[in-house]
Amino acid sequence: MIDKGQVIELNPVADEKAVVKGDNYRFTVLTDRLIRVECQEDGDFLDEATKLAICRKFNVPKFTSEINRGILKIDTDALTVYFDPKKGLKSLQIRLKYPVEGLDVYNFGMEVENLQGTARTLDNVDGSTTLDRGIMSKKGVAVIDDSQSVVIKEDKWVEARQIPEEDYYIFAYGHDYIGCLKDFYRLSGAAPLLPRYTLGNWWSRFYPYDEAGYIGLMKEFEEKDIPISVSVIDMDWHKTKVPEKYGSGWTGYSWNKDLFPNPKRFLNTLHKMGKHITLNLHPADGVRGFEDAYPAMGKALGVNVVEEEPIKFNVNDRKFMEAYFKYLHHPMEKDGVDFWWVDWQQGEKSSVEGIDPLFMLNHFHFIDSGRDGKLPLTFSRYAGIGSHRYPLGFSGDTMSTWKSLDFQPYFTTNASNVGYSWWSHDIGGHQKGRRDDEMVARWVQYGTFSPIMRLHSTANAFYGKEPWNYNLIVENTISDFMRLRHKLVPYLHTMNYRNHLEGRPLVEPMYYRHDRAEAYKNKNQYYFGDLIVCPITEQNDSETWLGSAKAWIPEGTYVDVFNGLEYRGPKEVKLFRDISTMPVLAKKGSIIPLARDLKNVCVENPKVLDVHVFAGENGSFDLYEDDCSEMQKMPLAITTFNLKNGKDITMEVKLSKDKTVIPENRTYNFIFHNMKKPEKLSITTGNGEENDKYKLNYDETGKKFTISYTDNGNNGFKLTIFGAKQLHDLPDKITLINRLLNRAQIEYDIKEKCQWILQEENIPEEALRKMERIGAKANITEAVEDILLSDAL
């Protein structure tokens with residue numbers, strides 16, 4: 001298996017100036033805070049790439065080393081290493097120059113609280129599961145053992161280690177988690193760029209669709225204006241009912257012609273509808289005599305085709321793997337299959353000790369998918385640290401329960417601690433559980449603000465996730481959020497580039513940006529790009545019909561993008577929302593570009609952008625766009641939005657790099673939230689000319705205005721809003737509270753008394769106390785408090 005396209009670049013040999021070496025030890029000072037430590041009794045050290053480390057060629061940091069009385073000392077700007085070669089690793093000590101959480105000395109083997117990473121799968125997990133170790137710790141030091149890791153050869157073939165050694169990487173970054181992650185990506189490979197189409201809605205179901213039924217379903221989604229970008233065809237695409245002599249039909253590579261009589265026509269129809277297609281694989285049973293490709297593949301591998309000798313699956317055999325792709329996958333890709341869903345469920349052992357077949361499949365599928373210069377892509381389970389190089393992740397068959405939903409936001413966000421930034425879950429749950437329309441709605445809301453939005457379910461006739469299968473309120477909620485997901489694609493694709501180029505995952509824990517105890521507390525709260533998301537993962541209260549999420553508001557002022565409530569931090573809050581919405585917060589100064597039209601937004605750049613602006617502070621945003629060709633080398637354009645906030649507000653738009661990928665004469669709709677109607681506007685073109693060809697609309701109810709302008713020639717421009725004034729007490733809090741009280745399933749007398757109190761009492765805290773005294777329960781007073789005191793400190 002040769003990586004002809006250089007999909008993965010290896011540079012495993014460190015600069016010799018970074019190496020401190022003795023007869024039985026070797027230290028590599030990769031950065032002032034990242035040290036590789038090896039111990040091998042014969043001094044036979046590994047310089048080849050491993051699953052963890054594919055690039056050790058770093059710029060050599062400033063450091064000194066000396067041996068005094070037999071003790072090795074290495075000193076960097078951040079730490080000092082002490083090591084006794086006679087005693088080995090048990091003598092290793094690291095003294096931190098900038099200690100955190102009280103740890104200033106780390107002795108090798110010391111148990112230190114680790115922030116953990118992620119796990120191989122959520123198969124059959126109802127709720128939480130144990131996570132693997134990550135590269136970060138609240139105590140500032142994390143150690144990753146690479147001693148058992150496989151070796152990646154120069155041609156990208158994978159082998160087990162031949163010579164045993166102790167091989168560790170010590171990450172001593174304190175609370176600089178972003179710096180730690182960036183250096184990890186340097187060591188282990190950058191997060192690959194995903195094709196744009198993966199960022200839309202995926203439709204997936206373990207169900208025996210036929211051609212007409214599947215195409216009809218996609219048309220029904222289109223008729224309801226609910227976009228789908230990826231069609232996932234589960235295992236029933238291939239023959240599953242096979243003669244008993246062949247065994248199970250779980251593994252298959254031949255189309256089921258009873259369901260799909262003309263596969264090329266089926267795939268071509270989906271492509272014309274703007275879909276990309278992935279097919280499910282269970283490769284463990286190899287290739288048997290009933291497969292269409294068996295004669296040619298069997299002949300190539302020298303098996304007895306006449307006797308139908310089975311071709312055994314062997315991921316460690318070069319000839320098998322070459323034939324595996326050549327005969328089983330490439331012909332179907334030529335017919336229109338875009339990528340493969342590798343559904344490996346048979347454990348971590350293979351014919352070679354120490355080699356995990358899941359990692360091998362991920363590695364080789366990813367490399368093969370990029371052989372012709374396309375952006376490589378596979379879809380499979382997590383196979384340990386280093387798996388971020390092979391996106392994207394399939395978390396397994398999810399249980400359809402509230403406990404499973406409640407675990408997913410933390411599980412997904414925490415995976416960033418090992419650079420694994422593109423988890424895809426069975427949104428809504430795959431199996432078991434019970435029908436719960438509210439739970440599915442909350443899951444879809446979370447899925448919209450998660451890395452990959454893939455609806456999935458089992459074949460049970462009552463399990464389908466089509467939005468119209470649910471009650472009308474939930475149907476509308478699911479449909480609206482699926483539409484929102486596609487509007488978010490320009491924003492998501494920018495974060496895709498940010499992850500690839502800057503080492504910043506789409507979803508990040510709060511503690512990446514805020515070094516405060518509160519940032520660790522609410523594990524389901526996270527950054528989604530520059531937005532803060534607080535998914536609701538517990539059932540609504542039966543009286544208020546509101547769901548809630550605990551959150552911590554960082555310093556500054558944040559605006560809920562759905563209801564306009566402003567929150568001033570730092571403070572801890574409990575946020576309440578009805579089933580139609582969820583808490584998503586934008587800090588003042590935020591600029592969020594969305595697509596206006598849903599059609600084709602996953603395969604072409606939008607002609608019209610809705611740019612949501614939350615004024616009040618200065619801000620900027622770089623929008624990344626390519627030509628959507630799905631190739632590894634694509635022209636790139638960056639549109640920079642610069643917001644200056646003062647007596648007057650200015651928004652400057654500059655276009656750089658290859659502007660040819662931007663639609664000609666793009667229209668920008670700037671939507672300024674929580675603002676009074678402006679007194680006067682002006683637009684200056686990139687050529688320095690005044691242009692009055694814009695439209696201004698003011699939404700009195702929503703207290704926001706929209707300025708629409710077409711940038712003829714895509715030259716950029718500057719928008720000035722004179723006398724711009726913000727509205728801070730928005731929306732009308734009394735109106736929101738009255739809606740809450742009207743909907744609440746409580747005594748009418750209590751509703752009326754609460755309304756009187758709120759009309760008469762001007763001090764919010766006193767109003768809440770009076771509501772408690774007249775018998776309003778905590779579920780009412782806490783929901784009222786969320787509205788009444790949202791912008792209070």
# chains A, B, ... in the order shown; residues from 1 in each chain; ligands from 1
$ residues_around --residues "region 178-193 of chain A" --least-positions-apart "3" --cutoff "9 Å" --atoms "only C-alpha atoms" --output "short mmCIF file (atom, residue, chain, number, x, y, z; two decimals) with N, CA and C atoms, in the first residue's frame"
data_model
loop_
_atom_site.label_atom_id
_atom_site.label_comp_id
_atom_site.auth_asym_id
_atom_site.auth_seq_id
_atom_site.Cartn_x
_atom_site.Cartn_y
_atom_site.Cartn_z
N ILE A 8 -0.63 11.71 3.51
CA ILE A 8 -0.07 11.91 4.84
C ILE A 8 1.43 12.12 4.70
N GLU A 9 1.92 13.24 5.19
CA GLU A 9 3.34 13.56 5.09
C GLU A 9 4.05 13.17 6.38
N LEU A 10 5.16 12.45 6.22
CA LEU A 10 5.95 12.01 7.36
C LEU A 10 7.26 12.79 7.43
N PRO A 12 9.65 12.16 10.47
CA PRO A 12 9.77 11.64 11.84
C PRO A 12 11.10 11.85 12.54
N LEU A 30 11.37 18.76 21.98
CA LEU A 30 10.58 19.19 20.82
C LEU A 30 10.16 20.64 20.94
N THR A 31 9.69 21.03 22.12
CA THR A 31 9.44 22.43 22.45
C THR A 31 9.89 22.63 23.89
N ARG A 33 8.12 22.83 26.23
CA ARG A 33 7.14 22.18 27.12
C ARG A 33 6.76 20.77 26.66
N LEU A 34 7.38 20.28 25.59
CA LEU A 34 7.07 18.95 25.06
C LEU A 34 8.38 18.17 24.91
N THR A 50 5.27 6.85 14.09
CA THR A 50 4.36 5.95 14.81
C THR A 50 2.94 6.47 14.67
N LYS A 51 2.01 5.70 15.22
CA LYS A 51 0.62 6.14 15.17
C LYS A 51 0.44 7.50 15.83
N LEU A 52 1.18 7.73 16.91
CA LEU A 52 1.10 9.02 17.60
C LEU A 52 1.92 10.09 16.91
N ALA A 53 3.17 9.78 16.56
CA ALA A 53 4.13 10.81 16.15
C ALA A 53 4.58 10.60 14.71
N ILE A 54 4.18 11.51 13.82
CA ILE A 54 4.62 11.40 12.42
C ILE A 54 5.57 12.53 12.03
N CYS A 55 5.71 13.54 12.91
CA CYS A 55 6.63 14.64 12.63
C CYS A 55 7.32 15.05 13.93
N ARG A 56 8.62 14.79 13.99
CA ARG A 56 9.40 15.23 15.15
C ARG A 56 10.38 16.34 14.75
N LYS A 57 10.25 16.83 13.53
CA LYS A 57 11.13 17.88 13.02
C LYS A 57 10.55 19.24 13.43
N PHE A 58 10.82 19.64 14.64
CA PHE A 58 10.37 20.93 15.17
C PHE A 58 11.54 21.93 15.10
N ILE A 135 -3.98 14.63 26.32
CA ILE A 135 -2.67 15.30 26.38
C ILE A 135 -2.69 16.49 27.33
N MET A 136 -3.78 16.66 28.10
CA MET A 136 -3.92 17.83 28.96
C MET A 136 -4.29 17.42 30.38
N PHE A 171 3.80 16.21 28.01
CA PHE A 171 3.20 17.50 27.67
C PHE A 171 3.07 18.30 28.96
N ALA A 172 3.85 19.35 29.12
CA ALA A 172 3.86 20.15 30.35
C ALA A 172 3.47 21.59 30.01
N TYR A 173 2.22 21.78 29.65
CA TYR A 173 1.75 23.07 29.12
C TYR A 173 0.93 23.87 30.13
N GLY A 174 0.89 23.41 31.39
CA GLY A 174 0.07 24.15 32.33
C GLY A 174 -1.36 24.20 31.85
N HIS A 175 -1.94 25.40 31.86
CA HIS A 175 -3.31 25.58 31.37
C HIS A 175 -3.35 26.21 29.98
N ARG A 196 -16.60 20.14 1.93
CA ARG A 196 -17.66 21.03 2.41
C ARG A 196 -18.99 20.32 2.61
N LEU A 375 -9.87 15.49 -1.67
CA LEU A 375 -9.77 15.55 -0.22
C LEU A 375 -10.10 14.17 0.33
N PRO A 376 -9.18 13.55 1.06
CA PRO A 376 -9.43 12.20 1.57
C PRO A 376 -10.49 12.20 2.66
N LEU A 377 -11.21 11.08 2.77
CA LEU A 377 -12.29 11.01 3.75
C LEU A 377 -12.62 9.56 4.03
N ILE A 385 -5.21 7.40 19.99
CA ILE A 385 -4.60 8.70 19.74
C ILE A 385 -3.86 8.69 18.40
N GLY A 386 -4.01 9.76 17.64
CA GLY A 386 -3.51 9.82 16.26
C GLY A 386 -4.63 9.62 15.25
N HIS A 388 -7.18 11.37 14.72
CA HIS A 388 -7.70 12.61 14.14
C HIS A 388 -7.24 12.78 12.69
N ARG A 389 -6.18 12.07 12.30
CA ARG A 389 -5.68 12.18 10.91
C ARG A 389 -6.62 11.51 9.91
N TYR A 390 -7.61 10.75 10.40
CA TYR A 390 -8.47 9.97 9.51
C TYR A 390 -9.94 10.28 9.76
N PRO A 391 -10.35 11.53 9.54
CA PRO A 391 -11.74 11.86 9.84
C PRO A 391 -12.65 11.27 8.77
N SER A 416 -11.61 16.86 21.75
CA SER A 416 -10.63 17.86 21.30
C SER A 416 -9.33 17.74 22.08
N ASN A 417 -9.39 17.14 23.26
CA ASN A 417 -8.19 16.98 24.08
C ASN A 417 -7.21 15.97 23.51
N VAL A 418 -7.61 15.26 22.45
CA VAL A 418 -6.67 14.44 21.68
C VAL A 418 -6.76 14.82 20.20
N GLY A 419 -7.26 16.04 19.94
CA GLY A 419 -7.31 16.54 18.57
C GLY A 419 -8.37 15.92 17.70
N TYR A 420 -9.27 15.11 18.30
CA TYR A 420 -10.27 14.37 17.52
C TYR A 420 -11.51 15.24 17.38
N SER A 421 -11.59 15.98 16.30
CA SER A 421 -12.52 17.10 16.23
C SER A 421 -13.77 16.85 15.40
N ASN A 496 -13.84 24.69 9.73
CA ASN A 496 -13.15 23.56 9.13
C ASN A 496 -11.73 23.97 8.74
N TYR A 497 -11.61 25.12 8.08
CA TYR A 497 -10.29 25.65 7.73
C TYR A 497 -9.49 26.05 8.97
N ASN A 499 -9.61 24.74 11.90
CA ASN A 499 -9.12 23.51 12.49
C ASN A 499 -7.90 22.98 11.73
N HIS A 500 -7.98 23.02 10.41
CA HIS A 500 -6.92 22.49 9.56
C HIS A 500 -5.66 23.36 9.60
N LEU A 501 -5.84 24.67 9.53
CA LEU A 501 -4.70 25.57 9.41
C LEU A 501 -4.17 26.06 10.75
N GLU A 502 -5.02 26.22 11.73
CA GLU A 502 -4.63 26.85 13.00
C GLU A 502 -4.68 25.90 14.19
N GLY A 503 -5.17 24.67 13.99
CA GLY A 503 -5.24 23.73 15.10
C GLY A 503 -6.28 24.08 16.13
N ARG A 504 -7.41 24.66 15.67
CA ARG A 504 -8.50 25.03 16.58
C ARG A 504 -9.76 24.26 16.20
N PRO A 505 -10.14 23.25 16.99
CA PRO A 505 -11.33 22.46 16.66
C PRO A 505 -12.60 23.29 16.66
N TYR A 512 -10.56 25.98 27.56
CA TYR A 512 -9.52 26.36 26.60
C TYR A 512 -9.30 27.88 26.58
N ARG A 513 -10.37 28.64 26.81
CA ARG A 513 -10.29 30.10 26.67
C ARG A 513 -10.42 30.84 28.00
N GLN A 632 -7.61 18.39 -2.97
CA GLN A 632 -6.63 18.76 -1.95
C GLN A 632 -6.02 20.13 -2.21
#
$ residues_around --residues "Pro467 (chain A)" --least-positions-apart "6" --cutoff "7 Å" --atoms "only C-alpha atoms" --output "number ranges by chain"
A: 475, 478-479
$ residues_around --residues "region 618-630 of chain A" --least-positions-apart "4" --cutoff "8 Å" --atoms "only C-alpha atoms" --output "ChimeraX atom specification"
/A:195-196,374-375,490-491,493-494,497,588-593,603-605,634-645,661-662
$ write_last_selection --atoms "C-alpha atoms" --output "short mmCIF file (atom, residue, chain, number, x, y, z; two decimals), in the first residue's frame"
data_model
loop_
_atom_site.label_atom_id
_atom_site.label_comp_id
_atom_site.auth_asym_id
_atom_site.auth_seq_id
_atom_site.Cartn_x
_atom_site.Cartn_y
_atom_site.Cartn_z
CA PRO A 195 -15.08 18.28 2.02
CA ARG A 196 -17.66 21.03 2.41
CA LYS A 374 -9.33 14.52 -3.82
CA LEU A 375 -9.77 15.55 -0.22
CA PRO A 490 -20.32 29.02 5.44
CA TYR A 491 -19.55 29.47 9.14
CA HIS A 493 -16.55 25.57 6.58
CA THR A 494 -14.57 28.50 7.96
CA TYR A 497 -10.29 25.65 7.73
CA LYS A 588 -20.94 41.39 21.67
CA GLY A 589 -18.65 42.12 18.76
CA SER A 590 -19.47 38.76 17.14
CA ILE A 591 -20.04 38.46 13.39
CA ILE A 592 -21.80 35.31 12.19
CA PRO A 593 -22.13 34.84 8.39
CA VAL A 603 -21.55 22.33 -2.97
CA GLU A 604 -21.25 26.01 -3.93
CA ASN A 605 -20.64 29.34 -2.23
CA MET A 634 -8.11 24.47 -4.21
CA PRO A 635 -8.11 28.23 -4.71
CA LEU A 636 -8.99 30.02 -1.49
CA ALA A 637 -10.67 33.36 -0.81
CA ILE A 638 -10.87 35.14 2.54
CA THR A 639 -13.51 37.76 3.22
CA THR A 640 -12.62 39.81 6.30
CA PHE A 641 -15.35 41.60 8.24
CA ASN A 642 -14.08 44.30 10.61
CA LEU A 643 -16.54 45.84 13.07
CA LYS A 644 -15.68 49.08 14.86
CA ASN A 645 -18.02 50.14 17.63
CA VAL A 661 -14.28 31.59 -6.02
CA ILE A 662 -16.70 34.21 -4.65
#
$ atom_distance --atom1 "CA of Asp699 (chain A)" --atom2 "CA of Leu727 (chain A)"
13.1 Å
$ residues_around --residues "Gln525 (chain A)" --least-positions-apart "3" --cutoff "10 Å" --atoms "only C-alpha atoms" --output "tab-separated table (two decimals) with all heavy atoms, in the first residue's frame"
chain	number	residue	atom	x	y	z
A	409	PRO	N	-22.69	15.74	24.41
A	409	PRO	CA	-21.96	17.02	24.29
A	409	PRO	C	-20.60	17.00	24.97
A	409	PRO	O	-19.60	17.45	24.40
A	409	PRO	CB	-22.92	18.02	24.96
A	409	PRO	CG	-24.27	17.40	24.81
A	409	PRO	CD	-24.05	15.93	24.96
A	410	TYR	N	-20.53	16.48	26.18
A	410	TYR	CA	-19.24	16.38	26.88
A	410	TYR	C	-18.31	15.44	26.13
A	410	TYR	O	-17.12	15.76	25.91
A	410	TYR	CB	-19.45	15.89	28.31
A	410	TYR	CG	-18.20	15.38	28.98
A	410	TYR	CD1	-17.16	16.26	29.30
A	410	TYR	CD2	-18.04	14.03	29.27
A	410	TYR	CE1	-15.99	15.80	29.91
A	410	TYR	CE2	-16.88	13.56	29.87
A	410	TYR	CZ	-15.86	14.45	30.19
A	410	TYR	OH	-14.71	13.98	30.76
A	413	THR	N	-17.03	17.19	22.87
A	413	THR	CA	-16.14	18.32	23.13
A	413	THR	C	-14.82	17.86	23.71
A	413	THR	O	-13.74	18.34	23.34
A	413	THR	CB	-16.83	19.32	24.08
A	413	THR	OG1	-18.09	19.70	23.53
A	413	THR	CG2	-15.97	20.56	24.27
A	507	VAL	N	-15.42	22.45	18.03
A	507	VAL	CA	-15.96	22.44	19.40
A	507	VAL	C	-14.80	22.38	20.38
A	507	VAL	O	-13.88	21.57	20.24
A	507	VAL	CB	-16.94	21.28	19.64
A	507	VAL	CG1	-18.21	21.48	18.83
A	507	VAL	CG2	-16.33	19.93	19.32
A	508	GLU	N	-14.82	23.26	21.37
A	508	GLU	CA	-13.75	23.34	22.37
A	508	GLU	C	-14.36	23.49	23.76
A	508	GLU	O	-15.37	24.19	23.94
A	508	GLU	CB	-12.85	24.55	22.11
A	508	GLU	CG	-12.05	24.49	20.83
A	508	GLU	CD	-11.18	25.71	20.61
A	508	GLU	OE1	-11.41	26.74	21.30
A	508	GLU	OE2	-10.28	25.67	19.77
A	509	PRO	N	-13.77	22.84	24.78
A	509	PRO	CA	-14.21	23.06	26.15
A	509	PRO	C	-14.05	24.52	26.55
A	509	PRO	O	-13.18	25.23	26.04
A	509	PRO	CB	-13.28	22.16	26.97
A	509	PRO	CG	-12.73	21.16	26.00
A	509	PRO	CD	-12.67	21.88	24.68
A	510	MET	N	-14.86	24.94	27.49
A	510	MET	CA	-14.80	26.33	27.94
A	510	MET	C	-13.44	26.67	28.53
A	510	MET	O	-12.96	27.80	28.43
A	510	MET	CB	-15.89	26.58	28.98
A	510	MET	CG	-17.33	26.46	28.45
A	510	MET	SD	-17.71	27.69	27.19
A	510	MET	CE	-17.72	29.18	28.17
A	519	ALA	N	-15.12	27.34	34.49
A	519	ALA	CA	-15.05	26.87	33.10
A	519	ALA	C	-15.02	25.35	33.00
A	519	ALA	O	-15.30	24.79	31.94
A	519	ALA	CB	-13.82	27.46	32.41
A	520	TYR	N	-14.67	24.68	34.10
A	520	TYR	CA	-14.64	23.21	34.11
A	520	TYR	C	-15.95	22.61	34.60
A	520	TYR	O	-16.14	21.40	34.51
A	520	TYR	CB	-13.52	22.72	35.04
A	520	TYR	CG	-12.13	23.13	34.63
A	520	TYR	CD1	-11.60	24.36	35.01
A	520	TYR	CD2	-11.32	22.28	33.88
A	520	TYR	CE1	-10.31	24.73	34.66
A	520	TYR	CE2	-10.03	22.65	33.51
A	520	TYR	CZ	-9.54	23.87	33.91
A	520	TYR	OH	-8.27	24.24	33.55
A	521	LYS	N	-16.82	23.42	35.14
A	521	LYS	CA	-17.94	22.91	35.93
A	521	LYS	C	-19.06	22.31	35.08
A	521	LYS	O	-19.51	21.19	35.34
A	521	LYS	CB	-18.49	24.05	36.80
A	521	LYS	CG	-19.52	23.60	37.82
A	521	LYS	CD	-19.87	24.75	38.75
A	521	LYS	CE	-20.88	24.32	39.80
A	521	LYS	NZ	-21.22	25.44	40.72
A	522	ASN	N	-19.52	23.05	34.08
A	522	ASN	CA	-20.65	22.59	33.27
A	522	ASN	C	-20.11	21.90	32.02
A	522	ASN	O	-19.82	22.54	31.01
A	522	ASN	CB	-21.55	23.77	32.90
A	522	ASN	CG	-22.13	24.45	34.14
A	522	ASN	OD1	-22.76	23.83	34.97
A	522	ASN	ND2	-21.87	25.74	34.27
A	528	PHE	N	-18.57	26.66	20.10
A	528	PHE	CA	-18.86	26.15	18.76
A	528	PHE	C	-18.35	27.22	17.80
A	528	PHE	O	-19.05	28.15	17.44
A	528	PHE	CB	-20.37	25.94	18.61
A	528	PHE	CG	-20.80	25.30	17.32
A	528	PHE	CD1	-20.64	23.94	17.11
A	528	PHE	CD2	-21.41	26.04	16.33
A	528	PHE	CE1	-21.08	23.34	15.94
A	528	PHE	CE2	-21.84	25.46	15.15
A	528	PHE	CZ	-21.67	24.11	14.96
A	532	ILE	N	-21.08	30.28	22.05
A	532	ILE	CA	-21.18	29.41	23.22
A	532	ILE	C	-22.51	28.67	23.14
A	532	ILE	O	-23.57	29.29	23.00
A	532	ILE	CB	-21.08	30.20	24.53
A	532	ILE	CG1	-19.68	30.80	24.68
A	532	ILE	CG2	-21.40	29.32	25.73
A	532	ILE	CD1	-19.50	31.67	25.91
A	533	VAL	N	-22.44	27.34	23.24
A	533	VAL	CA	-23.64	26.51	23.11
A	533	VAL	C	-23.88	25.77	24.43
A	533	VAL	O	-22.95	25.21	25.02
A	533	VAL	CB	-23.49	25.50	21.95
A	533	VAL	CG1	-24.70	24.57	21.88
A	533	VAL	CG2	-23.30	26.24	20.63
A	534	CYS	N	-25.14	25.78	24.87
A	534	CYS	CA	-25.53	25.10	26.10
A	534	CYS	C	-26.72	24.20	25.79
A	534	CYS	O	-27.88	24.59	26.00
A	534	CYS	CB	-25.93	26.10	27.18
A	534	CYS	SG	-24.73	27.44	27.44
A	535	PRO	N	-26.49	23.01	25.25
A	535	PRO	CA	-27.60	22.16	24.83
A	535	PRO	C	-28.46	21.72	26.01
A	535	PRO	O	-27.96	21.53	27.13
A	535	PRO	CB	-26.91	20.96	24.17
A	535	PRO	CG	-25.53	20.96	24.72
A	535	PRO	CD	-25.18	22.38	24.99
A	536	ILE	N	-29.72	21.56	25.76
A	536	ILE	CA	-30.66	21.07	26.78
A	536	ILE	C	-30.76	19.56	26.61
A	536	ILE	O	-31.19	19.08	25.56
A	536	ILE	CB	-32.02	21.76	26.64
A	536	ILE	CG1	-31.87	23.25	26.99
A	536	ILE	CG2	-33.07	21.10	27.54
A	536	ILE	CD1	-33.11	24.09	26.72
A	549	ALA	N	-30.70	24.38	31.12
A	549	ALA	CA	-29.29	24.01	31.08
A	549	ALA	C	-28.53	24.93	32.02
A	549	ALA	O	-28.71	26.16	31.97
A	549	ALA	CB	-28.74	24.12	29.66
A	550	LYS	N	-27.66	24.36	32.85
A	550	LYS	CA	-26.80	25.18	33.69
A	550	LYS	C	-25.62	25.67	32.85
A	550	LYS	O	-25.09	24.93	32.02
A	550	LYS	CB	-26.31	24.37	34.88
A	550	LYS	CG	-27.41	24.00	35.87
A	550	LYS	CD	-26.85	23.21	37.05
A	550	LYS	CE	-27.96	22.86	38.03
A	550	LYS	NZ	-27.45	22.05	39.17
A	551	ALA	N	-25.23	26.91	33.09
A	551	ALA	CA	-24.16	27.49	32.28
A	551	ALA	C	-23.38	28.50	33.10
A	551	ALA	O	-23.83	28.98	34.14
A	551	ALA	CB	-24.74	28.17	31.04
A	552	TRP	N	-22.19	28.78	32.60
A	552	TRP	CA	-21.37	29.85	33.16
A	552	TRP	C	-21.13	30.87	32.06
A	552	TRP	O	-20.68	30.54	30.96
A	552	TRP	CB	-20.03	29.30	33.65
A	552	TRP	CG	-19.07	30.38	34.08
A	552	TRP	CD1	-19.19	31.22	35.15
A	552	TRP	CD2	-17.85	30.76	33.42
A	552	TRP	NE1	-18.13	32.09	35.20
A	552	TRP	CE2	-17.29	31.83	34.15
A	552	TRP	CE3	-17.18	30.30	32.28
A	552	TRP	CZ2	-16.09	32.44	33.78
A	552	TRP	CZ3	-15.99	30.90	31.92
A	552	TRP	CH2	-15.45	31.96	32.67
A	583	PRO	N	-30.24	27.45	24.18
A	583	PRO	CA	-29.33	28.58	24.44
A	583	PRO	C	-28.09	28.53	23.55
A	583	PRO	O	-27.29	27.59	23.62
A	583	PRO	CB	-28.94	28.39	25.91
A	583	PRO	CG	-29.93	27.41	26.48
A	583	PRO	CD	-30.32	26.53	25.34
A	584	VAL	N	-27.93	29.53	22.72
A	584	VAL	CA	-26.73	29.73	21.90
A	584	VAL	C	-26.37	31.21	22.03
A	584	VAL	O	-27.18	32.08	21.69
A	584	VAL	CB	-26.96	29.37	20.42
A	584	VAL	CG1	-25.71	29.66	19.60
A	584	VAL	CG2	-27.36	27.90	20.29
$ residues_around --residues "Asp75 (chain A)" --least-positions-apart "3" --cutoff "12 Å" --atoms "only C-alpha atoms" --output "ChimeraX atom specification"
/A:20,27,29,31-33,35,61-67,72,78-83,93-97
$ residues_around --residues "Ser351 (chain A)" --least-positions-apart "5" --cutoff "12 Å" --atoms "only C-alpha atoms" --output "list in words"
Glu159, Ala160, Lys312, Phe313, Asn314, Val315, Asn316, Asp317, Asp356 and Pro357 of chain A
$ atom_distance --atom1 "CA of His271 (chain A)" --atom2 "CA of Tyr463 (chain A)"
26.7 Å
